[in-house]
Structures are given as structure tokens and as C-alpha cells.
$ cat target.cif   # mmCIF, C-alpha atoms
data_target
loop_
_atom_site.label_atom_id
_atom_site.label_comp_id
_atom_site.auth_asym_id
_atom_site.auth_seq_id
_atom_site.Cartn_x
_atom_site.Cartn_y
_atom_site.Cartn_z
CA MET A 1 46.91 93.64 42.82
CA ALA A 2 44.55 95.53 40.56
CA GLU A 3 45.73 98.78 39.01
CA LEU A 4 44.02 101.87 37.66
CA VAL A 5 45.16 102.16 34.05
CA GLY A 6 43.08 105.00 32.69
CA VAL A 7 40.51 107.64 33.57
CA PHE A 8 38.29 109.17 30.91
CA ALA A 9 35.18 111.31 30.47
CA ALA A 10 32.64 111.80 27.70
CA SER A 11 29.42 113.66 27.10
CA HIS A 12 26.46 111.45 26.25
CA ALA A 13 23.74 113.48 24.50
CA PRO A 14 20.94 111.18 23.30
CA LEU A 15 20.46 113.28 20.19
CA ILE A 16 23.95 112.19 19.07
CA VAL A 17 22.08 109.05 18.03
CA ARG A 18 18.42 110.01 17.84
CA GLU A 19 18.90 113.13 15.72
CA TRP A 20 22.27 112.34 14.15
CA ALA A 21 20.93 113.30 10.72
CA SER A 22 20.37 116.83 12.01
CA VAL A 23 23.95 117.29 13.21
CA THR A 24 26.09 119.47 10.92
CA PRO A 25 28.84 117.74 8.93
CA GLU A 26 31.53 119.61 10.88
CA HIS A 27 30.08 118.58 14.23
CA LYS A 28 29.62 115.00 13.04
CA THR A 29 33.28 114.85 12.10
CA ARG A 30 34.47 116.30 15.39
CA LEU A 31 32.13 114.25 17.60
CA THR A 32 33.09 111.07 15.78
CA GLY A 33 36.78 111.90 15.92
CA ALA A 34 36.75 112.73 19.64
CA LEU A 35 34.80 109.62 20.59
CA GLN A 36 37.02 107.39 18.46
CA GLU A 37 40.13 108.94 20.01
CA LEU A 38 38.69 108.23 23.44
CA GLY A 39 38.06 104.66 22.33
CA ARG A 40 41.59 104.36 21.01
CA ARG A 41 42.96 105.48 24.39
CA LEU A 42 40.69 103.12 26.29
CA ASP A 43 41.70 100.24 24.03
CA ALA A 44 45.35 101.15 24.59
CA ALA A 45 44.81 100.96 28.36
CA ARG A 46 43.93 97.25 27.89
CA ALA A 47 41.41 97.40 30.72
CA ASP A 48 39.92 94.15 31.96
CA VAL A 49 37.22 96.08 33.77
CA LEU A 50 35.65 99.46 33.10
CA ILE A 51 33.95 101.32 35.93
CA GLU A 52 31.44 103.60 34.24
CA VAL A 53 29.89 106.46 36.19
CA SER A 54 26.68 107.89 34.75
CA PRO A 55 23.28 109.15 35.87
CA ASP A 56 20.08 107.14 35.58
CA HIS A 57 17.59 108.94 33.34
CA TRP A 58 14.51 107.58 35.11
CA VAL A 59 15.06 104.03 33.91
CA ASN A 60 16.05 102.06 37.01
CA PHE A 61 14.92 104.50 39.67
CA PHE A 62 11.96 106.73 40.38
CA ILE A 63 11.08 109.15 43.17
CA ASN A 64 9.74 106.29 45.31
CA ASN A 65 13.27 104.86 45.48
CA LEU A 66 16.06 107.19 44.48
CA PRO A 67 19.59 106.38 45.61
CA SER A 68 22.28 109.04 45.57
CA VAL A 69 24.87 106.50 44.46
CA CYS A 70 24.23 102.92 43.30
CA ILE A 71 26.88 100.32 42.49
CA GLY A 72 26.05 97.59 39.99
CA VAL A 73 27.41 94.41 41.58
CA GLY A 74 25.70 91.93 39.27
CA VAL A 75 27.07 89.24 37.00
CA GLU A 76 25.57 91.14 34.11
CA ASN A 77 23.56 94.23 33.26
CA GLU A 78 21.12 94.98 30.47
CA GLY A 79 21.60 97.17 27.42
CA PRO A 80 19.61 100.32 26.76
CA PRO A 81 15.80 100.40 26.75
CA GLU A 82 15.43 103.50 24.60
CA PRO A 83 13.89 102.59 21.22
CA PHE A 84 16.38 104.82 19.40
CA LEU A 85 19.19 102.62 20.75
CA LYS A 86 17.72 99.38 19.41
CA ASP A 87 20.86 98.85 17.28
CA PHE A 88 23.25 99.08 20.22
CA PRO A 89 25.29 95.90 19.77
CA TYR A 90 25.06 94.56 23.32
CA LYS A 91 21.79 93.41 24.89
CA ILE A 92 23.72 92.14 27.92
CA LEU A 93 26.94 93.58 29.32
CA PRO A 94 28.92 91.33 31.67
CA GLY A 95 29.82 92.79 35.05
CA ASP A 96 32.59 92.06 37.52
CA PRO A 97 30.90 91.11 40.80
CA GLY A 98 34.22 90.50 42.57
CA LEU A 99 35.62 93.98 42.15
CA ALA A 100 32.18 95.58 42.45
CA ARG A 101 31.59 93.95 45.85
CA HIS A 102 35.08 94.97 46.92
CA ILE A 103 34.24 98.60 46.06
CA LEU A 104 31.01 98.19 48.02
CA THR A 105 32.65 96.75 51.15
CA THR A 106 35.47 99.32 50.99
CA ALA A 107 32.87 102.06 50.74
CA LEU A 108 30.91 100.80 53.74
CA LYS A 109 34.11 100.42 55.77
CA ASP A 110 35.16 103.98 54.89
CA GLY A 111 31.90 105.72 55.78
CA PHE A 112 30.03 105.71 52.46
CA GLU A 113 26.54 104.19 52.16
CA PRO A 114 25.84 103.34 48.51
CA SER A 115 22.83 101.50 47.22
CA ILE A 116 23.49 98.31 45.27
CA SER A 117 21.85 96.59 42.34
CA HIS A 118 22.40 93.07 41.06
CA ARG A 119 20.99 93.95 37.64
CA LEU A 120 20.83 97.43 36.17
CA ILE A 121 19.46 98.64 32.88
CA LEU A 122 22.05 100.84 31.24
CA ASP A 123 20.47 103.77 29.42
CA HIS A 124 21.92 106.15 26.83
CA GLY A 125 24.17 107.77 29.41
CA PHE A 126 26.15 104.56 29.67
CA CYS A 127 25.70 103.18 26.20
CA ILE A 128 26.16 106.01 23.71
CA PRO A 129 29.81 106.63 24.66
CA LEU A 130 30.48 102.87 24.78
CA TRP A 131 28.97 102.48 21.33
CA ARG A 132 30.43 105.52 19.61
CA MET A 133 33.92 104.95 21.00
CA GLU A 134 34.01 101.86 18.75
CA LEU A 135 36.01 99.80 21.23
CA LYS A 136 37.81 96.81 19.80
CA ARG A 137 36.97 94.83 22.94
CA MET A 138 34.34 95.61 25.57
CA PRO A 139 35.76 95.28 29.11
CA ARG A 140 33.62 93.84 31.87
CA LEU A 141 31.52 96.73 33.13
CA ILE A 142 30.85 97.94 36.66
CA PRO A 143 28.15 100.60 36.41
CA ILE A 144 27.93 103.25 39.10
CA ILE A 145 24.85 105.42 38.98
CA VAL A 146 25.01 108.88 40.53
CA ASN A 147 21.82 110.87 41.01
CA ASP A 148 22.48 113.96 38.90
CA LEU A 149 18.84 114.55 37.96
CA GLU A 150 16.71 115.12 41.03
CA PRO A 151 17.77 117.36 43.94
CA PRO A 152 19.17 116.98 46.48
CA MET A 153 22.37 115.50 45.07
CA ILE A 154 25.74 114.63 46.56
CA SER A 155 28.06 117.60 47.02
CA ILE A 156 30.97 118.20 44.69
CA ARG A 157 33.42 117.48 47.48
CA ARG A 158 31.64 114.21 48.21
CA ALA A 159 31.96 113.29 44.54
CA LEU A 160 35.69 113.93 44.83
CA ASP A 161 35.79 111.69 47.92
CA TRP A 162 33.98 109.01 45.96
CA GLY A 163 36.67 109.20 43.31
CA ARG A 164 39.42 108.74 45.87
CA LEU A 165 37.48 105.81 47.28
CA LEU A 166 37.34 104.19 43.84
CA LYS A 167 41.09 104.53 43.49
CA ARG A 168 41.69 103.01 46.96
CA SER A 169 39.29 100.21 46.22
CA ILE A 170 40.95 99.34 42.94
CA GLU A 171 44.43 99.44 44.39
CA SER A 172 43.50 97.26 47.37
CA TYR A 173 41.81 94.57 45.28
CA PRO A 174 43.99 91.47 45.41
CA GLU A 175 43.25 90.15 41.94
CA LYS A 176 45.57 91.16 39.10
CA LEU A 177 43.27 93.34 37.03
CA ARG A 178 43.62 96.35 34.78
CA VAL A 179 40.81 98.79 35.61
CA ALA A 180 39.73 101.97 33.84
CA ILE A 181 37.11 104.56 34.73
CA LEU A 182 34.80 106.39 32.34
CA ALA A 183 32.62 109.25 33.60
CA THR A 184 29.79 110.36 31.33
CA GLY A 185 27.49 113.35 31.10
CA GLY A 186 27.83 117.13 30.94
CA LEU A 187 29.09 119.56 30.22
CA SER A 188 26.47 122.34 30.10
CA HIS A 189 22.96 121.63 28.90
CA SER A 190 19.43 122.27 30.00
CA ILE A 191 16.60 119.74 29.75
CA GLY A 192 12.91 120.49 30.32
CA GLU A 193 13.64 123.98 31.61
CA PRO A 194 12.92 127.37 30.02
CA THR A 195 16.62 127.52 29.14
CA MET A 196 16.43 124.23 27.23
CA GLY A 197 18.68 124.39 24.19
CA ASP A 198 21.04 126.94 25.72
CA ILE A 199 24.70 125.95 26.00
CA ASP A 200 26.68 127.80 28.65
CA GLU A 201 30.05 127.96 26.92
CA PRO A 202 31.71 130.16 29.59
CA PHE A 203 30.78 127.52 32.20
CA ASP A 204 32.15 124.77 29.97
CA HIS A 205 35.44 126.58 29.39
CA ASP A 206 35.76 127.27 33.12
CA CYS A 207 35.25 123.56 33.81
CA ILE A 208 37.86 122.56 31.24
CA ARG A 209 40.36 125.08 32.63
CA LEU A 210 39.83 123.90 36.20
CA PHE A 211 39.88 120.17 35.42
CA SER A 212 43.00 120.72 33.33
CA ALA A 213 44.77 122.59 36.14
CA GLY A 214 43.83 119.83 38.55
CA ASP A 215 43.70 121.80 41.83
CA GLU A 216 40.81 120.51 43.88
CA ALA A 217 39.76 123.54 45.92
CA PRO A 218 39.23 125.98 43.03
CA LEU A 219 37.37 123.29 41.07
CA CYS A 220 35.07 122.42 43.97
CA ASP A 221 34.47 126.04 44.94
CA TYR A 222 33.63 126.97 41.39
CA LEU A 223 31.25 124.08 40.79
CA GLU A 224 29.46 124.43 44.11
CA GLY A 225 28.75 128.04 43.11
CA ALA A 226 28.07 127.60 39.40
CA LEU A 227 25.83 124.53 39.43
CA GLY A 228 22.33 125.75 40.00
CA LYS A 229 23.03 128.90 37.99
CA THR A 230 23.51 127.04 34.71
CA GLY A 231 21.32 124.38 33.06
CA ASN A 232 20.28 121.31 35.02
CA GLY A 233 22.23 118.91 32.79
CA ALA A 234 25.49 120.34 34.08
CA HIS A 235 24.89 118.53 37.36
CA GLU A 236 26.30 115.48 35.59
CA VAL A 237 29.72 117.05 35.98
CA ARG A 238 29.67 115.35 39.40
CA ASN A 239 30.63 112.19 37.53
CA TRP A 240 33.64 113.98 36.08
CA VAL A 241 34.60 115.14 39.55
CA MET A 242 34.46 111.54 40.72
CA ALA A 243 36.82 110.59 37.89
CA HIS A 244 39.04 113.53 38.82
CA GLY A 245 39.34 112.26 42.38
CA ALA A 246 40.13 108.75 41.15
CA ALA A 247 42.87 110.15 38.93
CA GLY A 248 44.53 111.88 41.88
CA SER A 249 43.38 115.32 40.68
CA ARG A 250 46.33 115.44 38.31
CA GLY A 251 44.46 117.34 35.66
CA PHE A 252 43.13 116.22 32.35
CA GLU A 253 43.63 116.72 28.66
CA ALA A 254 40.51 117.80 26.80
CA ILE A 255 40.55 115.82 23.58
CA ASP A 256 37.93 118.16 22.15
CA TYR A 257 35.20 120.54 23.22
CA ILE A 258 32.36 121.08 20.80
CA SER A 259 29.35 123.23 21.50
CA VAL A 260 26.65 121.38 19.56
CA PRO A 261 23.30 123.18 19.54
CA GLU A 262 21.82 120.39 17.41
CA VAL A 263 22.12 118.04 20.41
CA TYR A 264 21.65 120.79 23.05
CA VAL A 265 24.94 119.95 24.78
CA GLY A 266 28.36 121.44 25.29
CA CYS A 267 30.17 118.20 24.43
CA CYS A 268 33.57 117.45 25.90
CA PHE A 269 35.80 114.38 25.80
CA ALA A 270 38.82 114.03 28.05
CA SER A 271 41.40 111.74 29.56
CA TRP A 272 43.23 112.36 32.82
CA ARG A 273 47.01 112.49 33.02
CA ALA A 274 46.98 109.49 35.33
CA ALA A 275 45.84 107.50 32.33
CA ALA A 276 48.23 104.93 30.93
CA MET B 1 5.99 120.91 44.80
CA THR B 2 6.42 117.48 43.25
CA ASP B 3 3.18 115.76 42.22
CA TYR B 4 3.82 112.06 42.78
CA TRP B 5 1.11 110.63 40.58
CA LEU B 6 1.78 112.98 37.70
CA SER B 7 5.44 111.99 37.94
CA LYS B 8 4.41 108.33 38.00
CA LEU B 9 2.29 108.80 34.89
CA PHE B 10 5.18 110.39 33.02
CA PHE B 11 7.57 107.71 34.28
CA ASP B 12 5.28 104.88 33.20
CA LEU B 13 4.77 106.35 29.75
CA GLN B 14 8.41 105.63 28.93
CA THR B 15 7.25 102.07 28.33
CA PRO B 16 6.37 101.87 24.62
CA ALA B 17 3.22 99.78 25.18
CA ARG B 18 1.94 102.15 27.84
CA ALA B 19 2.73 105.13 25.62
CA ALA B 20 0.84 103.55 22.72
CA ALA B 21 -2.18 102.95 24.94
CA TYR B 22 -2.01 106.55 26.09
CA ARG B 23 -1.85 107.90 22.56
CA ALA B 24 -4.86 105.77 21.62
CA ASP B 25 -6.99 106.71 24.64
CA ARG B 26 -5.51 109.29 26.97
CA ALA B 27 -8.53 109.52 29.25
CA SER B 28 -8.62 105.78 29.83
CA VAL B 29 -5.00 105.63 30.95
CA LEU B 30 -5.42 108.67 33.17
CA LYS B 31 -8.05 106.78 35.18
CA ASP B 32 -5.21 104.72 36.69
CA TYR B 33 -3.63 107.79 38.27
CA PRO B 34 -5.31 109.73 41.11
CA LEU B 35 -4.60 113.18 39.71
CA SER B 36 -6.33 116.27 41.05
CA PRO B 37 -8.93 117.75 38.66
CA GLU B 38 -6.65 120.72 37.99
CA VAL B 39 -3.67 118.54 37.13
CA ARG B 40 -5.78 116.22 35.00
CA ALA B 41 -7.13 119.20 33.07
CA ALA B 42 -3.59 120.51 32.54
CA VAL B 43 -2.55 117.12 31.16
CA MET B 44 -5.52 117.00 28.81
CA ALA B 45 -4.73 120.55 27.65
CA ASP B 46 -0.95 119.94 27.21
CA ASP B 47 -0.36 122.87 29.56
CA VAL B 48 3.44 122.74 29.62
CA GLY B 49 3.90 125.67 31.96
CA TYR B 50 1.50 124.36 34.60
CA LEU B 51 2.91 120.83 34.54
CA ALA B 52 6.50 122.06 34.62
CA ARG B 53 6.08 123.16 38.22
CA LEU B 54 5.02 119.67 39.33
CA VAL B 55 7.55 117.21 37.89
CA ASN B 56 11.24 116.72 37.31
CA PRO B 57 12.25 118.55 34.09
CA TYR B 58 13.62 115.37 32.50
CA LEU B 59 10.32 113.57 33.05
CA LEU B 60 8.49 116.57 31.62
CA ARG B 61 10.68 116.43 28.55
CA PHE B 62 10.22 112.67 28.13
CA TYR B 63 6.47 113.07 28.41
CA PHE B 64 6.13 115.72 25.73
CA VAL B 65 8.45 113.83 23.38
CA SER B 66 6.22 110.81 23.92
CA ALA B 67 3.13 112.96 23.37
CA GLY B 68 4.54 114.05 20.01
CA MET B 69 5.11 117.74 20.78
CA PRO B 70 7.98 119.13 18.67
CA ASP B 71 10.92 120.46 20.69
CA ALA B 72 10.55 123.98 19.29
CA GLU B 73 6.95 124.12 20.50
CA PHE B 74 7.85 122.61 23.87
CA ILE B 75 10.67 125.06 24.45
CA GLY B 76 8.52 127.97 23.29
CA LYS B 77 5.82 127.08 25.79
CA LEU B 78 8.35 126.67 28.61
CA ARG B 79 9.81 130.09 27.85
CA ALA B 80 6.45 131.77 27.50
CA SER B 81 5.39 130.30 30.82
CA ALA B 82 8.56 131.50 32.54
CA GLN B 83 8.12 134.97 31.10
CA GLY B 84 4.53 135.03 32.26
CA ALA B 85 5.53 133.93 35.74
CA GLY B 86 8.22 136.63 35.80
CA LYS B 87 5.74 139.30 34.87
CA ALA B 88 3.25 138.07 37.44
CA GLY B 89 5.97 137.92 40.06
CA HIS B 90 7.00 141.50 39.43
CA GLY B 91 3.56 142.87 38.73
#
$ encode --input "target.cif" --output "C-alpha cells"
Amino acid sequence: MAELVGVFAASHAPLIVREWASVTPEHKTRLTGALQELGRRLDAARADVLIEVSPDHWVNFFINNLPSVCIGVGVENEGPPEPFLKDFPYKILPGDPGLARHILTTALKDGFEPSISHRLILDHGFCIPLWRMELKRMPRLIPIIVNDLEPPMISIRRALDWGRLLKRSIESYPEKLRVAILATGGLSHSIGEPTMGDIDEPFDHDCIRLFSAGDEAPLCDYLEGALGKTGNGAHEVRNWVMAHGAAGSRGFEAIDYISVPEVYVGCCFASWRAAA
Amino acid sequence: MTDYWLSKLFFDLQTPARAAAYRADRASVLKDYPLSPEVRAAVMADDVGYLARLVNPYLLRFYFVSAGMPDAEFIGKLRASAQGAGKAGHG
């Protein structure tokens, strides 16, 4: 049977690449160190397959066709289209259609209705963490896109349910596979709003405290109240909640939290205690 | 209220070739999108505050990056617009 061998999360600010020269030396050192530590832990998990949960930044989907959740079931997916990611080392990233379709059929059986794609384009949300983690070996990738950009979005409790579903799906897959999950996005940031550039550090620290403690109800109650009062980029924390549910809500260890005004994001990097 | 065709314009301009055509001849590209006269005028005038009410904030941001507006100017216009709206709302 397949097994879940690690659950991780990382912020994915595009300016980490596009405006790297503008990042202070201290922040460069800490961002690099945190991402490399995350990569070291993911390498140590020896995952055959990585399920990566990220939003789509208007690359695959538009408002004429906007799924709440989309599972990439294809044989392969494409690397990032953003010109500033032209040096990303993978133009094509192999998928794992077997496990992806098993997640899909388990979801449909259990009352979830995801969209599917046989070929996704993976934007900076997927690719910057993959790149900057400096993995020794890239696992096969199952992308899951969650709409974190355009309301209405799935509820926080539904994101938690999705995480539990991922765990059930992995553990019921008959093939012997080592599977890890990486959620990307967040924590606080604001894009295209009057608050753009503001980092809500109290929100970020509340998130870290609640994810670390693990308890589901306080985390869900807090996020359902706080999202909508902080910057729109914080909606990506749904992906972290999905990872939290997959990890059995056991709480996580924040590898580092760095408020980086140069990239407009409260950057956090974490691994859950369920991780190998 | 979301403006579909304005959103579509901003979405399409993520394609480098389309963005280059737009930078070369904005009016010509705009002919492909059935924008209202008011919205078209706001686009031509780079009226950040007016357009912000009509599209997803990420698309707005992508558009003004593509149009070459520096972030500091973009954020300043967003904030000025919000302050103006606040004053109007309370006036």
C-alpha cells in the first residue's frame, strides 16, 4: 500500500525570483536556508510522488471556467509560463496518473466533486518552492489547484476535509508508493488591493500558533473569521489547512517565519509532525 | 461588479506576444474587446482606482506590471482611490 511520508508547506512569493536582487542580505540568507531545509526534509522522506497543492494565478483558469478544486491526473504537466521563471530547470514535470485517478475516484465516492485536468501549466506557486528547495531528485508530481484567488472559495472546514480525503486516498492506494504533500502560498500578503505591500504579522503569528497546536476547531474558527479582514493573499492558507488535515492535524514545526516587505509576503516554511 | 471583457483583456495580456502588441498599439488591441466607453476611457487613462472595482485584484496587478507602471505608483493610486472612496462614502 502507499504511505504518506511527509507533509510540508512553503510560501511562494514571485518576487523571491523576480526581484531577488532587491531582497536584503539577511532575508536572502534566511529564505534560502528555510527553503533548503524544507528540501532536505523532503529529500529525506524519499517520496516517489509529491502531491503539491497551490492556487492557479490566472494561468490555467479564467472566470469563464473556474473550478474550486482541480486535480492534475495527466502523464505530465508543463513548467512555468512566467518569463521571470525561464531558467526553471524543468519544462515538463512527470505526473502519476494512477494515484491521481485514485484520488479522483475516492473523492467522487466520498462526496467531493473536483475538476480534473490531463495537462496543467504549473505557475510560480508550484515552481518557486520546487526550484528553491534544491531537491536532489524531483518526485513525480500530482498538482492540485485550489481556487484561492476569486471568491467564493471553499470553506476552511472543507479544506480540512479535503486533507483527510488525501490521506485516505493515499493509504487506500494498492501500489507501494511513498507519497509526500507540499502546500504552497500564504501567509499574509495583499495583491492589487489598497493594502498591497502590507504584511499582517499578528495574523501570521496566530496562524503559526494554531497550526503548531494542531487543534482543528480553534484553527478553523480563527481562519473563517480572520480571512477577509486581512490581505487577499492570505486565502492561500486554505492549502495549508488541506495539508494539516492530511497530516492528521498533529501540528507542525515552523522551520522559519520571515516577514519580507521586499517580496510583500509574510513567508513561512513548515513541516508537520506526521512527516517522516 | 466584475467586468468580463476587461478581465479577459487583462487575462490575455499575460501572453508576451499579446502584451507586446498592446504596448505597441493599445487602441488597436482594445478593438477586440467590447468594453463600455467608460471602461475603455479608464483603460486609456490608466485609471487604477476605477478599474480596481471591475476586476480581480491579481489581474489588476498583472495588468499594470505588464503596462510598465512601477509598484510604488500602482500602490499609491490604489490607496488614493480607496481614501477618496472613503471620503465620498462618509461625506
$ resolve_selection --input "target.cif" --expression "the PyMOL selection byres ((chain A) within 6 of (chain B))" --output "short mmCIF file (atom, residue, chain, number, x, y, z; two decimals) with C-alpha atoms, in the coordinates of the input"
data_model
loop_
_atom_site.label_atom_id
_atom_site.label_comp_id
_atom_site.auth_asym_id
_atom_site.auth_seq_id
_atom_site.Cartn_x
_atom_site.Cartn_y
_atom_site.Cartn_z
CA ILE A 191 16.60 119.74 29.75
CA GLY A 192 12.91 120.49 30.32
CA PRO A 194 12.92 127.37 30.02
#
$ closest_residue --input "target.cif" --among "A:Leu122, A:Val179, A:Leu108, A:Ala2" --to "Arg140 (chain A)" --atoms "only C-alpha atoms"
A:Val179
$ resolve_selection --input "target.cif" --expression "the PyMOL selection byres ((chain A and resi 237) around 9)" --output "JSON, numbers by chain"
{"A": [148, 156, 183, 184, 185, 186, 187, 188, 207, 223, 233, 234, 235, 236, 238, 239, 240, 241, 242]}
$ resolve_selection --input "target.cif" --expression "the PyMOL selection byres ((chain B and resi 67) around 9)" --output "MDAnalysis selection string"
chainID B and resid 19 22:23 46 62:66 68:69
$ atom_distance --input "target.cif" --atom1 "CA of Leu35 (chain A)" --atom2 "CA of Asp204 (chain A)"
18.0 Å
$ closest_residue --input "target.cif" --among "B:Met1, B:Arg26, B:Tyr50, B:Glu73" --to "Leu13 (chain B)" --atoms "only C-alpha atoms"
B:Arg26
$ closest_residue --input "target.cif" --among "B:Leu54, B:Ala85, B:Ala20, B:Leu9" --to "Pro34 (chain B)" --atoms "all atoms listed in the file"
B:Leu9
$ residues_around --input "target.cif" --residues "Ile255 (chain A)" --least-positions-apart "4" --cutoff "9 Å" --atoms "all atoms listed in the file" --output "list in words"
Ala34, Leu35, Glu37, Leu38, Cys268, Phe269, Ala270 and Ser271 of chain A
$ closest_residue --input "target.cif" --among "A:Ser259, A:Thr32, A:Asn232, A:Ser68" --to "Asp56 (chain A)" --atoms "only C-alpha atoms"
A:Ser68
$ atom_distance --input "target.cif" --atom1 "CA of Ile121 (chain A)" --atom2 "CA of Glu78 (chain A)"
4.7 Å
$ atom_distance --input "target.cif" --atom1 "CA of Ala42 (chain B)" --atom2 "CA of Ala21 (chain B)"
19.2 Å
$ closest_residue --input "target.cif" --among "A:Ile116, A:Ala243, A:Val17, A:Ala100" --to "Lys86 (chain A)" --atoms "only C-alpha atoms"
A:Val17
$ closest_residue --input "target.cif" --among "A:Leu182, A:Glu113, A:Lys91, A:Asp200" --to "Trp272 (chain A)" --atoms "only C-alpha atoms"
A:Leu182
$ axis_aligned_box --input "target.cif" --around "region 30-42 of chain B" --padding-each-side "6 Å" --output "AutoDock Vina command-line options"
--center_x -6.3 --center_y 112.7 --center_z 36.8 --size_x 17.3 --size_y 28.0 --size_z 20.6
$ residues_near_point --input "target.cif" --point "(18.0, 127.0, 38.5)" --cutoff "10 Å" --atoms "all atoms listed in the file" --output "PDB file with C-alpha atoms, in the frame of the given file"
ATOM      1  CA  SER A 190      19.430 122.270  30.000  1.00  0.00           C
ATOM      2  CA  GLU A 193      13.640 123.980  31.610  1.00  0.00           C
ATOM      3  CA  PRO A 194      12.920 127.370  30.020  1.00  0.00           C
ATOM      4  CA  THR A 195      16.620 127.520  29.140  1.00  0.00           C
ATOM      5  CA  LEU A 227      25.830 124.530  39.430  1.00  0.00           C
ATOM      6  CA  GLY A 228      22.330 125.750  40.000  1.00  0.00           C
ATOM      7  CA  LYS A 229      23.030 128.900  37.990  1.00  0.00           C
ATOM      8  CA  THR A 230      23.510 127.040  34.710  1.00  0.00           C
ATOM      9  CA  GLY A 231      21.320 124.380  33.060  1.00  0.00           C
ATOM     10  CA  ASN A 232      20.280 121.310  35.020  1.00  0.00           C
TER      11      ASN A 232
END
$ residues_near_point --input "target.cif" --point "(26.6, 101.2, 41.4)" --cutoff "10 Å" --atoms "only C-alpha atoms" --output "MDAnalysis selection string"
chainID A and resid 51:54 67:74 100:101 103:104 114:120 142:146
$ decode --input "target.cif" --residues "region 36-83 of chain B" --atoms "C-alpha atoms" --output "PDB file, in the first residue's frame"
ATOM      1  CA  SER B  36     -18.100  50.179 -22.465  1.00  0.00           C
ATOM      2  CA  PRO B  37     -16.916  53.699 -23.394  1.00  0.00           C
ATOM      3  CA  GLU B  38     -16.353  54.491 -19.712  1.00  0.00           C
ATOM      4  CA  VAL B  39     -14.231  51.405 -19.126  1.00  0.00           C
ATOM      5  CA  ARG B  40     -12.287  51.943 -22.338  1.00  0.00           C
ATOM      6  CA  ALA B  41     -11.545  55.518 -21.303  1.00  0.00           C
ATOM      7  CA  ALA B  42     -10.381  54.324 -17.878  1.00  0.00           C
ATOM      8  CA  VAL B  43      -8.030  51.842 -19.537  1.00  0.00           C
ATOM      9  CA  MET B  44      -6.611  54.503 -21.837  1.00  0.00           C
ATOM     10  CA  ALA B  45      -6.130  56.820 -18.847  1.00  0.00           C
ATOM     11  CA  ASP B  46      -4.548  54.137 -16.576  1.00  0.00           C
ATOM     12  CA  ASP B  47      -7.258  54.913 -14.033  1.00  0.00           C
ATOM     13  CA  VAL B  48      -6.242  52.366 -11.396  1.00  0.00           C
ATOM     14  CA  GLY B  49      -8.978  53.228  -8.937  1.00  0.00           C
ATOM     15  CA  TYR B  50     -11.802  52.944 -11.468  1.00  0.00           C
ATOM     16  CA  LEU B  51     -10.550  49.658 -12.919  1.00  0.00           C
ATOM     17  CA  ALA B  52      -9.926  48.162  -9.483  1.00  0.00           C
ATOM     18  CA  ARG B  53     -13.659  47.903  -8.886  1.00  0.00           C
ATOM     19  CA  LEU B  54     -14.177  45.816 -12.034  1.00  0.00           C
ATOM     20  CA  VAL B  55     -11.578  43.031 -11.989  1.00  0.00           C
ATOM     21  CA  ASN B  56      -9.906  40.534  -9.704  1.00  0.00           C
ATOM     22  CA  PRO B  57      -7.049  42.277  -7.833  1.00  0.00           C
ATOM     23  CA  TYR B  58      -4.456  39.804  -9.121  1.00  0.00           C
ATOM     24  CA  LEU B  59      -5.460  40.504 -12.718  1.00  0.00           C
ATOM     25  CA  LEU B  60      -5.316  44.224 -11.999  1.00  0.00           C
ATOM     26  CA  ARG B  61      -1.814  43.816 -10.639  1.00  0.00           C
ATOM     27  CA  PHE B  62      -0.678  41.698 -13.603  1.00  0.00           C
ATOM     28  CA  TYR B  63      -2.061  44.279 -15.998  1.00  0.00           C
ATOM     29  CA  PHE B  64      -0.263  47.246 -14.501  1.00  0.00           C
ATOM     30  CA  VAL B  65       3.001  45.305 -14.244  1.00  0.00           C
ATOM     31  CA  SER B  66       2.582  44.496 -17.920  1.00  0.00           C
ATOM     32  CA  ALA B  67       1.762  48.137 -18.661  1.00  0.00           C
ATOM     33  CA  GLY B  68       5.031  49.163 -17.021  1.00  0.00           C
ATOM     34  CA  MET B  69       3.622  51.038 -14.016  1.00  0.00           C
ATOM     35  CA  PRO B  70       6.054  50.888 -11.065  1.00  0.00           C
ATOM     36  CA  ASP B  71       4.664  49.187  -7.958  1.00  0.00           C
ATOM     37  CA  ALA B  72       5.055  52.320  -5.826  1.00  0.00           C
ATOM     38  CA  GLU B  73       2.914  54.298  -8.263  1.00  0.00           C
ATOM     39  CA  PHE B  74       0.362  51.495  -8.546  1.00  0.00           C
ATOM     40  CA  ILE B  75       0.020  51.140  -4.789  1.00  0.00           C
ATOM     41  CA  GLY B  76      -0.151  54.912  -4.354  1.00  0.00           C
ATOM     42  CA  LYS B  77      -3.021  55.150  -6.813  1.00  0.00           C
ATOM     43  CA  LEU B  78      -4.865  52.252  -5.178  1.00  0.00           C
ATOM     44  CA  ARG B  79      -4.547  53.900  -1.774  1.00  0.00           C
ATOM     45  CA  ALA B  80      -5.526  57.327  -3.032  1.00  0.00           C
ATOM     46  CA  SER B  81      -8.578  55.831  -4.689  1.00  0.00           C
ATOM     47  CA  ALA B  82      -9.593  53.996  -1.510  1.00  0.00           C
ATOM     48  CA  GLN B  83      -9.170  57.147   0.536  1.00  0.00           C
TER      49      GLN B  83
END
